[in-house]
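Engineer: What follows is model-v7.tsv; its format and atoms are TSV, C-alpha atoms and all ligand atoms.
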chain	number	residue	atom	x	y	z
I	1	MET	CA	123.03	61.69	147.94
I	2	ALA	CA	120.25	64.24	148.22
I	3	ASN	CA	118.54	65.67	145.20
I	4	LEU	CA	119.90	63.21	142.73
I	5	THR	CA	116.58	62.83	141.05
I	6	ILE	CA	116.33	64.94	137.94
I	7	SER	CA	112.96	66.51	137.48
I	8	ARG	CA	111.62	65.71	134.05
I	9	PRO	CA	108.66	67.39	132.43
I	10	ALA	CA	105.49	65.46	133.01
I	11	PRO	CA	104.74	63.21	130.03
I	12	ASP	CA	101.78	64.25	127.92
I	13	ARG	CA	98.95	62.13	129.21
I	14	SER	CA	96.19	63.73	127.17
I	15	LEU	CA	95.93	60.74	124.80
I	16	GLU	CA	95.78	58.32	127.71
I	17	LYS	CA	93.11	60.48	129.32
I	18	LYS	CA	91.07	60.51	126.12
I	19	ASP	CA	91.36	56.78	125.85
I	20	TRP	CA	90.36	56.31	129.45
I	21	TYR	CA	87.37	58.59	128.93
I	22	GLN	CA	86.26	56.65	125.87
I	23	ARG	CA	86.44	53.38	127.78
I	24	ASN	CA	84.55	54.76	130.79
I	25	ARG	CA	82.24	57.18	129.01
I	26	GLU	CA	78.99	55.42	129.92
I	27	ARG	CA	79.91	55.16	133.59
I	28	ILE	CA	81.06	58.80	133.82
I	29	LEU	CA	77.94	60.12	132.11
I	30	SER	CA	75.55	58.10	134.22
I	31	ARG	CA	77.32	59.26	137.41
I	32	ALA	CA	77.05	62.86	136.27
I	33	LYS	CA	73.39	62.36	135.48
I	34	GLU	CA	72.86	60.86	138.91
I	35	ARG	CA	74.58	63.80	140.62
I	36	TYR	CA	72.51	66.19	138.57
I	37	HIS	CA	69.26	64.55	139.64
I	38	GLN	CA	70.37	64.51	143.27
I	39	LYS	CA	71.03	68.24	143.09
I	40	LEU	CA	67.78	68.85	141.24
I	41	THR	CA	65.74	67.20	143.97
I	42	ALA	CA	67.77	68.61	146.88
I	43	ASP	CA	68.06	72.24	145.75
I	44	PRO	CA	66.41	73.05	142.40
I	45	VAL	CA	66.69	76.85	142.86
I	46	GLY	CA	70.38	76.61	143.76
I	47	LEU	CA	70.98	74.41	140.75
I	48	ARG	CA	69.30	76.87	138.41
I	49	LYS	CA	71.33	79.72	139.89
I	50	GLU	CA	74.49	77.71	139.45
I	51	GLN	CA	73.59	77.00	135.81
I	52	HIS	CA	72.89	80.67	135.16
I	53	ARG	CA	76.18	81.68	136.74
I	54	ARG	CA	78.14	79.19	134.65
I	55	HIS	CA	76.32	80.17	131.51
I	56	ASN	CA	77.08	83.85	132.09
I	57	GLU	CA	80.71	83.15	132.87
I	58	ASN	CA	81.08	81.09	129.71
I	59	ARG	CA	79.28	83.69	127.65
I	60	GLN	CA	81.58	86.41	128.96
I	61	ARG	CA	84.66	84.33	128.29
I	62	ILE	CA	83.50	83.53	124.76
I	63	ASN	CA	82.58	87.17	124.08
I	64	ALA	CA	85.95	88.41	125.31
I	65	ARG	CA	87.75	85.88	123.14
I	66	GLN	CA	85.69	86.82	120.10
I	67	ARG	CA	86.30	90.52	120.71
I	68	ALA	CA	90.04	89.94	120.94
I	69	ARG	CA	90.05	87.86	117.75
I	70	ARG	CA	87.99	90.45	115.88
I	71	ALA	CA	90.30	93.25	117.00
I	72	LEU	CA	93.34	91.27	115.91
I	73	ARG	CA	91.81	90.44	112.53
I	74	SER	CA	90.81	94.04	111.88
I	75	GLU	CA	94.28	95.20	112.88
I	76	GLN	CA	95.83	92.66	110.51
I	77	ARG	CA	93.52	93.71	107.69
I	78	LYS	CA	94.41	97.37	108.26
I	79	LEU	CA	98.12	96.56	108.16
I	80	GLU	CA	97.69	94.53	104.97
I	81	ALA	CA	95.69	97.31	103.34
I	82	ARG	CA	98.30	99.88	104.32
I	83	GLU	CA	101.05	97.63	102.94
I	84	TRP	CA	99.13	97.15	99.70
I	85	ARG	CA	98.60	100.90	99.32
I	86	ARG	CA	102.29	101.51	99.89
I	87	GLU	CA	103.21	99.02	97.20
I	88	ASN	CA	100.50	100.18	94.78
I	89	ARG	CA	100.48	103.86	95.53
I	90	GLU	CA	99.29	105.17	92.14
I	91	LEU	CA	96.76	102.40	91.59
I	92	SER	CA	95.25	102.99	95.02
I	93	LYS	CA	94.97	106.72	94.27
I	94	LEU	CA	93.21	105.91	90.99
I	95	ILE	CA	90.81	103.56	92.75
I	96	SER	CA	89.95	106.15	95.43
I	97	ALA	CA	89.40	108.80	92.75
I	98	GLN	CA	87.09	106.48	90.84
I	99	TYR	CA	85.13	105.77	94.02
I	100	LYS	CA	84.81	109.47	94.65
I	101	ALA	CA	83.56	110.03	91.08
I	102	LYS	CA	80.99	107.25	91.55
I	103	ARG	CA	79.87	108.72	94.85
I	104	LEU	CA	79.45	112.18	93.30
I	105	GLU	CA	77.72	110.59	90.29
I	106	CYS	CA	80.31	111.98	87.88
I	107	ALA	CA	81.16	110.32	84.60
I	108	PHE	CA	84.25	108.14	84.82
I	109	VAL	CA	86.45	106.11	82.54
I	110	PRO	CA	88.77	103.76	84.45
I	111	VAL	CA	92.36	104.95	84.15
I	112	ALA	CA	95.19	102.45	83.69
I	113	VAL	CA	98.18	102.91	85.99
I	114	GLU	CA	100.58	102.90	83.02
I	115	ASP	CA	98.69	105.77	81.37
I	116	TRP	CA	98.66	107.75	84.59
I	117	GLU	CA	102.41	107.10	84.94
I	118	ASN	CA	102.82	108.63	81.46
I	119	THR	CA	101.01	111.77	82.58
I	120	LEU	CA	103.21	111.93	85.69
I	121	ALA	CA	106.30	111.65	83.48
I	122	ALA	CA	104.97	114.34	81.12
I	123	PHE	CA	104.72	116.71	84.11
I	124	SER	CA	108.13	115.56	85.39
I	125	ARG	CA	106.36	114.16	88.49
I	126	ALA	CA	105.83	117.73	89.69
I	127	CYS	CA	102.75	119.81	90.48
I	128	ALA	CA	101.14	120.73	87.14
I	129	TYR	CA	100.38	124.24	88.46
I	130	CYS	CA	103.34	125.42	90.57
I	131	ALA	CA	105.96	122.76	89.72
I	132	GLY	CA	106.22	121.94	93.43
I	133	PRO	CA	106.36	118.35	94.71
I	134	TYR	CA	103.78	115.86	93.39
I	135	GLU	CA	101.65	114.87	96.35
I	136	GLN	CA	98.10	114.42	95.13
I	137	MET	CA	96.08	113.51	92.10
I	138	ASP	CA	94.02	116.46	90.92
I	139	HIS	CA	90.98	116.55	88.67
I	140	VAL	CA	91.48	119.73	86.62
I	141	LEU	CA	87.73	120.09	86.19
I	142	PRO	CA	86.72	119.33	89.80
I	143	LEU	CA	84.57	116.28	90.46
I	144	GLU	CA	82.58	118.51	92.81
I	145	ARG	CA	81.59	120.52	89.74
I	146	GLY	CA	80.71	117.44	87.74
I	147	GLY	CA	84.10	117.05	86.05
I	148	PRO	CA	84.76	113.51	84.82
I	149	HIS	CA	87.27	111.06	86.24
I	150	CYS	CA	89.36	110.15	83.21
I	151	LEU	CA	92.96	110.39	82.06
I	152	ALA	CA	92.43	113.70	80.23
I	153	ASN	CA	91.23	115.35	83.44
I	154	LEU	CA	94.01	114.21	85.75
I	155	VAL	CA	97.19	116.04	86.70
I	156	PRO	CA	99.73	115.67	89.48
I	157	SER	CA	99.41	118.40	92.07
I	158	CYS	CA	100.93	119.52	95.32
I	159	ARG	CA	98.77	119.48	98.43
I	160	ARG	CA	98.67	123.26	98.62
I	161	CYS	CA	97.51	123.84	95.03
I	162	ASN	CA	94.95	121.06	95.26
I	163	SER	CA	93.30	122.45	98.36
I	164	SER	CA	93.59	126.09	97.23
I	165	LYS	CA	92.08	125.33	93.81
I	166	HIS	CA	89.39	123.11	95.40
I	167	ALA	CA	86.15	123.51	93.39
I	168	HIS	CA	87.13	126.67	91.51
I	169	PHE	CA	87.15	126.68	87.75
I	170	TRP	CA	90.77	125.74	87.14
I	171	PHE	CA	91.77	128.54	84.72
I	172	ASP	CA	90.26	131.39	86.77
I	173	TRP	CA	92.04	130.06	89.83
I	174	TYR	CA	95.34	129.39	88.04
I	175	ALA	CA	95.48	132.79	86.26
I	176	ALA	CA	95.19	134.50	89.67
I	177	GLN	CA	98.22	132.69	91.16
I	178	THR	CA	101.67	134.27	91.42
I	179	PHE	CA	103.23	131.05	90.11
I	180	PHE	CA	101.07	131.06	86.96
I	181	ASN	CA	103.15	129.71	84.10
I	182	GLN	CA	102.26	129.92	80.40
I	183	ILE	CA	103.99	126.68	79.42
I	184	ARG	CA	102.47	124.60	82.22
I	185	CYS	CA	99.10	126.18	81.46
I	186	GLY	CA	99.46	125.17	77.79
I	187	GLN	CA	100.31	121.64	78.85
I	188	ILE	CA	97.11	121.41	80.88
I	189	VAL	CA	95.04	122.82	78.00
I	190	THR	CA	96.53	120.20	75.66
I	191	LEU	CA	95.70	117.47	78.17
I	192	LEU	CA	92.10	118.67	78.47
I	193	GLU	CA	91.68	118.44	74.68
I	194	GLY	CA	91.54	114.68	75.19
I	195	LEU	CA	88.33	114.98	77.25
I	196	PRO	CA	85.53	112.80	75.93
I	201	ZN	ZN	101.34	123.19	93.38
What's the C-alpha cells form of this structure?
Structural biologist:
Amino acid sequence: MANLTISRPAPDRSLEKKDWYQRNRERILSRAKERYHQKLTADPVGLRKEQHRRHNENRQRINARQRARRALRSEQRKLEAREWRRENRELSKLISAQYKAKRLECAFVPVAVEDWENTLAAFSRACAYCAGPYEQMDHVLPLERGGPHCLANLVPSCRRCNSSKHAHFWFDWYAAQTFFNQIRCGQIVTLLEGLP
C-alpha cells in the first residue's frame, strides 16, 4: 500500500496570502517597525551597511533587467525595420536617398514609388549604364556634386557602375566605359530633360 498518495501541484495560495496580509497589515507593519528600531539601537552602523548592501543589490538587479529589456526591444525594432525594408524595398531606397539629399543640402522633390517603378520598367529593371543587374538607385548628376534628388535624376544602376561613376560627371565617365551604349545614353539624356 506504499506510495498510493498522488502528488498534486500545490494550490495557488497567493490570493489567500494577499487576503491574510490585508487582514494583518497593521500588526505586520508594527512588528517590522519594532524590529527596525531594535536593530537601529543595537547596531546602527551594521543596519546602515545592510541597507546599502540591499540597495546596491536591488539596483544591480533592476539595471540588469532594464538592460535586457532594452536589448530585446532594440533587437525587435531592428527586425521590424529589416522586415519593413524587405517589404518596401523601393520606397525605403527612395527615403534613404531623400535623407542623403537633405544631409548634403541638395534640392529634392519627393519621388513617388509608382513613378520610380515606371523608370525601372523603362530601363527594363537593368543598370542604365551597362545593362547589368539593377542593384542600386543612382543619381545621374551626383548628389555629392549638388545634383538634385528627383525623378528626372534617378536611374537604376548596378553596384559596380554606381561606385565606379561615384562623383564623376556622368557623361565623361560613361563615354570612357567599354560598355558605353548610344541607345542607353540617349535614354538617360531624355530622362535628364525632365530636370527642374
Ligand atoms: Zn552597371
Engineer: Go through I:Cys158, I:Leu29, I:Val45, I:Leu143 and flag the residue nearest Tyr99 of chain I, using all atoms listed in the file for the distances.
Structural biologist: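 Among I:Cys158, I:Leu29, I:Val45, I:Leu143, it is I:Leu143 that comes nearest to Tyr99 of chain I.
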Engineer: List as a list of chain:residue names the protein and nucleic acid residues near Ser92 of chain I, meaning an atom at most 12 Å away when all atoms listed in the file are counted, but skip any in the same chain fewer than 6 places from it.
Structural biologist: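 Answer for this query is I:Ala81, I:Arg82, I:Glu83, I:Trp84, I:Arg85, I:Arg86, I:Gln98, I:Tyr99, I:Val111, I:Ala112, I:Val113, I:Trp116, I:Gln136, I:Met137.
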Engineer: Report, in Å to a single decimal, how far apart atom CA of His52 of chain I and atom CA of Ala68 of chain I are.
Structural biologist: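 So the two atoms, atom CA of Ala68 of chain I and atom CA of His52 of chain I, lie 24.1 Å apart.
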Engineer: As a quick test: using all atoms listed in the file, which residues lie no more than 6 Å away from ligand ZN 201 (chain I)? Give them as a JSON list (two decimals) with C-alpha atoms, keeping the file's coordinate frame.
Structural biologist:
[["chain", "number", "residue", "atom", "x", "y", "z"],
["I", 127, "CYS", "CA", 102.75, 119.81, 90.48],
["I", 129, "TYR", "CA", 100.38, 124.24, 88.46],
["I", 130, "CYS", "CA", 103.34, 125.42, 90.57],
["I", 131, "ALA", "CA", 105.96, 122.76, 89.72],
["I", 132, "GLY", "CA", 106.22, 121.94, 93.43],
["I", 157, "SER", "CA", 99.41, 118.40, 92.07],
["I", 158, "CYS", "CA", 100.93, 119.52, 95.32],
["I", 160, "ARG", "CA", 98.67, 123.26, 98.62],
["I", 161, "CYS", "CA", 97.51, 123.84, 95.03]]
Engineer: Just how far from atom CA of Cys150 of chain I is atom CA of Gly194 of chain I, in Å to one decimal?
Structural biologist: 9.5 Å
Engineer: Distance atom CA of Thr190 of chain I-atom CA of Val155 of chain I, one decimal place?
Structural biologist: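 Going from atom CA of Thr190 of chain I over to atom CA of Val155 of chain I, I get 11.8 Å.
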Engineer: Near Leu192 of chain I, counting all atoms listed in the file, which residues have an atom at most 10 Å away, once you skip same-chain residues fewer than 6 positions from it, shown as a PDB file with C-alpha atoms, in the frame of the given file?
Structural biologist:
ATOM      1  CA  VAL I 140      91.480 119.730  86.620  1.00  0.00           C
ATOM      2  CA  LEU I 141      87.730 120.090  86.190  1.00  0.00           C
ATOM      3  CA  LEU I 151      92.960 110.390  82.060  1.00  0.00           C
ATOM      4  CA  ALA I 152      92.430 113.700  80.230  1.00  0.00           C
ATOM      5  CA  ASN I 153      91.230 115.350  83.440  1.00  0.00           C
ATOM      6  CA  LEU I 154      94.010 114.210  85.750  1.00  0.00           C
ATOM      7  CA  GLY I 186      99.460 125.170  77.790  1.00  0.00           C
TER       8      GLY I 186
END
Engineer: Please complete segment 27-47 of chain I so it has N, CA and C atoms, and hand it over as an mmCIF file, keeping the file's coordinate frame.
Structural biologist:
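File written: rebuild_4.cif
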data_model
loop_
_atom_site.group_PDB
_atom_site.id
_atom_site.type_symbol
_atom_site.label_atom_id
_atom_site.label_comp_id
_atom_site.auth_asym_id
_atom_site.auth_seq_id
_atom_site.Cartn_x
_atom_site.Cartn_y
_atom_site.Cartn_z
ATOM 1 N N ARG I 27 79.896 55.099 132.123
ATOM 2 C CA ARG I 27 79.910 55.160 133.590
ATOM 3 C C ARG I 27 79.975 56.627 134.052
ATOM 4 N N ILE I 28 80.873 57.403 133.419
ATOM 5 C CA ILE I 28 81.060 58.800 133.820
ATOM 6 C C ILE I 28 79.768 59.589 133.596
ATOM 7 N N LEU I 29 79.158 59.370 132.416
ATOM 8 C CA LEU I 29 77.940 60.120 132.110
ATOM 9 C C LEU I 29 76.807 59.762 133.042
ATOM 10 N N SER I 30 76.680 58.478 133.358
ATOM 11 C CA SER I 30 75.550 58.100 134.220
ATOM 12 C C SER I 30 75.779 58.619 135.634
ATOM 13 N N ARG I 31 77.053 58.681 136.074
ATOM 14 C CA ARG I 31 77.320 59.260 137.410
ATOM 15 C C ARG I 31 76.985 60.745 137.433
ATOM 16 N N ALA I 32 77.332 61.429 136.347
ATOM 17 C CA ALA I 32 77.050 62.860 136.270
ATOM 18 C C ALA I 32 75.551 63.101 136.277
ATOM 19 N N LYS I 33 74.838 62.237 135.541
ATOM 20 C CA LYS I 33 73.390 62.360 135.480
ATOM 21 C C LYS I 33 72.787 62.158 136.875
ATOM 22 N N GLU I 34 73.318 61.173 137.550
ATOM 23 C CA GLU I 34 72.860 60.860 138.910
ATOM 24 C C GLU I 34 73.054 62.062 139.829
ATOM 25 N N ARG I 35 74.280 62.638 139.759
ATOM 26 C CA ARG I 35 74.580 63.800 140.620
ATOM 27 C C ARG I 35 73.649 64.958 140.288
ATOM 28 N N TYR I 36 73.382 65.109 139.008
ATOM 29 C CA TYR I 36 72.510 66.190 138.570
ATOM 30 C C TYR I 36 71.121 66.010 139.176
ATOM 31 N N HIS I 37 70.596 64.789 139.100
ATOM 32 C CA HIS I 37 69.260 64.550 139.640
ATOM 33 C C HIS I 37 69.211 64.710 141.142
ATOM 34 N N GLN I 38 70.299 64.316 141.813
ATOM 35 C CA GLN I 38 70.370 64.510 143.270
ATOM 36 C C GLN I 38 70.267 66.002 143.588
ATOM 37 N N LYS I 39 71.043 66.799 142.865
ATOM 38 C CA LYS I 39 71.030 68.240 143.090
ATOM 39 C C LYS I 39 69.653 68.815 142.791
ATOM 40 N N LEU I 40 69.076 68.321 141.673
ATOM 41 C CA LEU I 40 67.780 68.850 141.240
ATOM 42 C C LEU I 40 66.712 68.620 142.295
ATOM 43 N N THR I 41 66.750 67.453 142.940
ATOM 44 C CA THR I 41 65.740 67.200 143.970
ATOM 45 C C THR I 41 66.071 67.917 145.268
ATOM 46 N N ALA I 42 67.364 67.993 145.601
ATOM 47 C CA ALA I 42 67.770 68.610 146.880
ATOM 48 C C ALA I 42 67.605 70.127 146.854
ATOM 49 N N ASP I 43 68.055 70.779 145.753
ATOM 50 C CA ASP I 43 68.060 72.240 145.750
ATOM 51 C C ASP I 43 67.868 72.771 144.318
ATOM 52 N N PRO I 44 66.630 72.667 143.811
ATOM 53 C CA PRO I 44 66.410 73.050 142.400
ATOM 54 C C PRO I 44 66.735 74.527 142.116
ATOM 55 N N VAL I 45 66.433 75.414 143.086
ATOM 56 C CA VAL I 45 66.690 76.850 142.860
ATOM 57 C C VAL I 45 68.189 77.097 142.779
ATOM 58 N N GLY I 46 68.914 76.472 143.748
ATOM 59 C CA GLY I 46 70.380 76.610 143.760
ATOM 60 C C GLY I 46 70.985 76.109 142.459
ATOM 61 N N LEU I 47 70.451 74.991 141.969
ATOM 62 C CA LEU I 47 70.980 74.410 140.750
ATOM 63 C C LEU I 47 70.796 75.361 139.565
#
